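Below is one structure, written out as structure tokens; comments come after it.
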Amino acid sequence: MVPKKHKSKRLTIKQQKKIHTRAREKHRKDRREAKKNPQRKKIKKDPGIPNLLPFKDKVLKEIEDHREAVREEKQRQKDARNQLHNSNRNMDVIPKTLAELASDAQKRDAAYELEHDSDSDMDVAEIAEGAVVGRRDNSKRAYYREFQKVVQHADVILEVLDA
């Protein structure tokens, strides 16, 4: 039996150009789509932990514990932000008269003064909590304020001329 001859893969120039044009349009469309949605880039998968690793289950447990700790920390920060937001929004009683409004303003002013006078006595826990909520001031002004406190409380100040 004689084997069948396979069909030739030759194409006319017109067909070749048509295929080339369609491919070019497809690539152009893909590039345009990639510009519109930059998040659609494929992320390389983590190859994971090899099965031959002696303490694979221990490593996996550590990774899971770390992920859980990060998740809990994010939730705690979110709760702290929400609590701060809600405490700032709560107005229990709306004053009806001008005298009530004035007395309420004096109470809030006294509370504000107490809160901001004790800023110099912030302990480590309060600073950390401020960092969680985002209230900590890391500016040059805050550094200068701390520097002034140190200079005022110092008995002796040494200036190093040549280090």
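Every chain in the structure tokens has a letter given in the order shown (A, B, ...), and although residue numbers restart at 1 in each chain, ligands are simply numbered from 1 in the order shown.
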
Item to check | Residue set, segment 3-158 of chain A restricted to alpha helix (DSSP H), as a ChimeraX atom specification | outcome: /A:13-36,56-89,98-117,124-133,140-153

Checklist entry - To one decimal place, how far is atom CA of Lys9 of chain A from atom CA of Arg24 of chain A in Å? => result 21.3 Å

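Atom CA of Arg10 of chain A is found 18.4 Å from atom CA of Ala23 of chain A.
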